[in-house]
Amino acid sequence: MKVKKVLVTGGAGFIGSHLVDILLEEGCHVFILDDFSSGNLRNLKRWRSGDDFSDFGDTYRYGYGKRPKHRLIEWDISKPLVSSPWLGSLEEGELDCIFHLAARRDVITSFKDPYDDAMRNYIGTVNVLELARKIKCNKVVFSSSYTIYKELDQNCINENCPKDPISPYGLNKLASEKLLELYNDHYGMRNVAFRIFVSYGPRQVPGSIFSGVVLRFLDHAMKDEKVKIYGDGEQTRDFIFVKDIARCLHAGFTDDLEGIFNLGTGRETSINDLLDTVRSVTGKELKANYVESRKGEVRRAVADLTRQIEQMGCRASTSLEAGIKETYEWLNKRKS
Ligand SMILES: NC(=O)c1ccc[n+]([C@@H]2O[C@H](COP(=O)([O-])OP(=O)(O)OC[C@H]3O[C@@H](n4cnc5c(N)ncnc54)[C@H](O)[C@@H]3O)[C@@H](O)[C@H]2O)c1
């Protein structure tokens, strides 16, 4: 059987590195593109012997025994990929799929620096699609976001609900999705976009602007500190464990599938309920300090999974409690 060759942009990041794990485990050749602005080589450590990353740079690893093949390409996605010495020399049909995850994932920063957000999050997608078109790779799997939806009164959000992003980040994700669809129609591609809801899990870094609320709560629990809650804590989110996200992104890599899918759990959890779960998993008291809500945040968000289940047959299987427990164990190991 022909070995599949794939490119993962943002592959040193939180979600991207879990996807790389799955792809290397199943024997794909994986090219990992990243600029390390928020990603880290530590996330790819299990594929390295020892801790020395010095030869990782431009080495195409042909593997010894069962050692998988991977290559790291340090590149800024906002520059045309076809200008990169290595990507520019790819031949037609050489890649079976591009998983496009490279992005700056932060709503607040997207207001502070909309130019940077547009370059990474929209122009980056243009560059990926142009590379795909040039080398006749007809499948791009894209990580979009639930932040593209208009704020809704209704409980569940399905893919046809109105879109009206309230941040530059959401706007660039929506524009990227539209571009993917345009390339499907115009060039006969079979691109897939996943609107990811709120992720958490091992390798999400606590204490950074990129870390989500689950990691922040766990980090505060470890340090016996108070947590800050924006608003009244009754805002809801659909929290999905990172390994479930990676599995579903991977399931998008099939010829049959095309289009846009929600990627969540279908469970609506308020921030206050999340706090209770974190208290029960960690056994910590974890007091809360309620402060003014933040600009650009939606009030309710839970995914309707009908399309995902009907067409993909892949869904999240990790309970919130189990996911938080695994993340807490990872955090404790990391700290020690
Ligand atoms: N984590 C979530 O809750 C969530 C929700 C919705 C959508 N997403 C999307 O999923 C994808 C992965 O997010 P994540 O949570 O793993 O974030 P992350 O920050 O860990 O991963 C993004 C990766 O992209 C890389 N990157 C950023 N700018 C780049 C550039 N100019 N050139 C090359 N690489 C660049 C970063 O170094 C990082 O490794 C992103 O596209 C994000 O928008 C994430």
# chains A, B, ... in the order shown; residues from 1 in each chain; ligands from 1
>>> select_by_dssp(residues="range 258-311 of chain A", states="helix (DSSP H, G or I)", output="PyMOL selection string")
chain A and resi 271-282+306-311
>>> closest_atom_pairs(of="chain A", to="ligand 1", cutoff="6 Å", atoms="only C-alpha atoms and all ligand atoms", output="CSV")
residue,atom,partner,partner_atom_place_in_ligand_line,distance
A:Gly10,CA,ligand 1,24 (O),3.5
A:Gly11,CA,ligand 1,39 (O),5.8
A:Ala12,CA,ligand 1,39 (O),4.4
A:Gly13,CA,ligand 1,39 (O),3.2
A:Phe14,CA,ligand 1,16 (O),3.7
A:Ile15,CA,ligand 1,16 (O),3.7
A:Gly16,CA,ligand 1,16 (O),5.5
A:Asp34,CA,ligand 1,34 (N),3.7
A:Asp35,CA,ligand 1,33 (C),4.1
A:Phe36,CA,ligand 1,37 (O),3.7
A:Ser37,CA,ligand 1,37 (O),4.0
A:Ser38,CA,ligand 1,37 (O),3.9
A:Gly39,CA,ligand 1,39 (O),3.1
A:Trp75,CA,ligand 1,33 (C),5.6
A:Asp76,CA,ligand 1,32 (N),3.5
A:Ile77,CA,ligand 1,32 (N),3.7
A:Ser78,CA,ligand 1,31 (N),5.3
A:Leu101,CA,ligand 1,41 (O),4.0
A:Ala102,CA,ligand 1,24 (O),3.3
A:Ala103,CA,ligand 1,27 (C),4.2
A:Arg104,CA,ligand 1,27 (C),4.9
A:Arg105,CA,ligand 1,43 (O),4.4
A:Arg120,CA,ligand 1,31 (N),4.7
A:Ser143,CA,ligand 1,10 (O),4.8
A:Ser144,CA,ligand 1,7 (C),5.1
A:Ser145,CA,ligand 1,6 (C),3.9
A:Ile196,CA,ligand 1,6 (C),4.2
A:Phe197,CA,ligand 1,5 (C),5.2
A:Val198,CA,ligand 1,3 (O),4.0
A:Ser199,CA,ligand 1,3 (O),3.8
>>> write_last_selection(atoms="C-alpha atoms", output="mmCIF file, in the first residue's frame")
data_model
loop_
_atom_site.group_PDB
_atom_site.id
_atom_site.type_symbol
_atom_site.label_atom_id
_atom_site.label_comp_id
_atom_site.auth_asym_id
_atom_site.auth_seq_id
_atom_site.Cartn_x
_atom_site.Cartn_y
_atom_site.Cartn_z
ATOM 1 C CA GLY A 10 0.909 24.464 13.028
ATOM 2 C CA GLY A 11 2.079 20.916 13.745
ATOM 3 C CA ALA A 12 4.182 21.951 16.754
ATOM 4 C CA GLY A 13 1.130 23.492 18.394
ATOM 5 C CA PHE A 14 -1.303 22.146 20.931
ATOM 6 C CA ILE A 15 -3.861 20.475 18.625
ATOM 7 C CA GLY A 16 -1.457 20.053 15.693
ATOM 8 C CA ASP A 34 5.551 25.893 12.076
ATOM 9 C CA ASP A 35 7.063 29.252 13.002
ATOM 10 C CA PHE A 36 7.110 28.390 16.743
ATOM 11 C CA SER A 37 5.348 31.594 17.703
ATOM 12 C CA SER A 38 3.116 29.620 20.069
ATOM 13 C CA GLY A 39 4.064 26.035 19.195
ATOM 14 C CA TRP A 75 8.324 28.804 7.878
ATOM 15 C CA ASP A 76 5.945 31.704 8.344
ATOM 16 C CA ILE A 77 2.585 30.754 6.835
ATOM 17 C CA SER A 78 1.922 34.366 5.852
ATOM 18 C CA LEU A 101 -3.880 24.508 11.667
ATOM 19 C CA ALA A 102 -1.285 27.291 11.779
ATOM 20 C CA ALA A 103 -2.902 30.394 13.216
ATOM 21 C CA ARG A 104 -2.817 32.901 15.999
ATOM 22 C CA ARG A 105 -5.627 31.645 18.147
ATOM 23 C CA ARG A 120 -1.562 34.545 9.803
ATOM 24 C CA SER A 143 -9.301 24.195 11.650
ATOM 25 C CA SER A 144 -11.968 26.867 11.759
ATOM 26 C CA SER A 145 -13.704 28.105 14.891
ATOM 27 C CA ILE A 196 -13.769 23.700 16.615
ATOM 28 C CA PHE A 197 -15.456 24.637 19.877
ATOM 29 C CA VAL A 198 -13.443 25.096 23.085
ATOM 30 C CA SER A 199 -10.489 22.750 23.447
#
>>> atom_distance(atom1="CA of Leu257 in chain A", atom2="CA of Ile240 in chain A")
21.8 Å
>>> closest_residue(among="A:Gly233, A:Gly266, A:Gly259, A:Gly188", to="Glu292 in chain A", atoms="only C-alpha atoms")
A:Gly233
>>> closest_residue(among="A:Cys161, A:Ile22, A:Val3, A:Ala118", to="Ile245 in chain A", atoms="only C-alpha atoms")
A:Ile22
>>> closest_residue(among="A:Asn158, A:Asn191, A:Ser319, A:Asn172", to="Arg307 in chain A", atoms="only C-alpha atoms")
A:Asn158
>>> residues_around(residues="Glu181 in chain A", least_positions_apart="3", cutoff="10 Å", atoms="only C-alpha atoms", output="list of chain:residue names")
A:Ala175, A:Ser176, A:Glu177, A:Lys178, A:Asn184, A:Asp185, A:His186, A:Tyr187, A:Gly188, A:Met189, A:Arg190, A:Asn191, A:Val192, A:Ala193, A:Glu258, A:Gly259, A:Ile260
>>> closest_residue(among="A:Tyr169, A:Gly283, A:Ala288, A:Lys45", to="Lys112 in chain A", atoms="only C-alpha atoms")
A:Tyr169
>>> residues_around(residues="Leu24 in chain A", least_positions_apart="6", cutoff="9 Å", atoms="only C-alpha atoms", output="list in words")
Val30, Trp47, Pro68, Lys69 and His70 of chain A
>>> closest_residue(among="A:Arg195, A:Lys284, A:Lys163, A:Arg267", to="Phe217 in chain A", atoms="only C-alpha atoms")
A:Lys284
>>> closest_residue(among="A:Asp164, A:Glu130, A:Asp113, A:Glu268", to="Lys150 in chain A", atoms="only C-alpha atoms")
A:Asp164
>>> atom_distance(atom1="CA of Ala132 in chain A", atom2="CA of Phe99 in chain A")
10.9 Å
>>> atom_distance(atom1="CA of Arg203 in chain A", atom2="CA of Glu326 in chain A")
11.2 Å
>>> residues_around(residues="Gln235 in chain A", least_positions_apart="2", cutoff="12 Å", atoms="only C-alpha atoms", output="PyMOL selection string")
chain A and resi 151+153+155+229-233+237-238+268-274+293-294+297-302
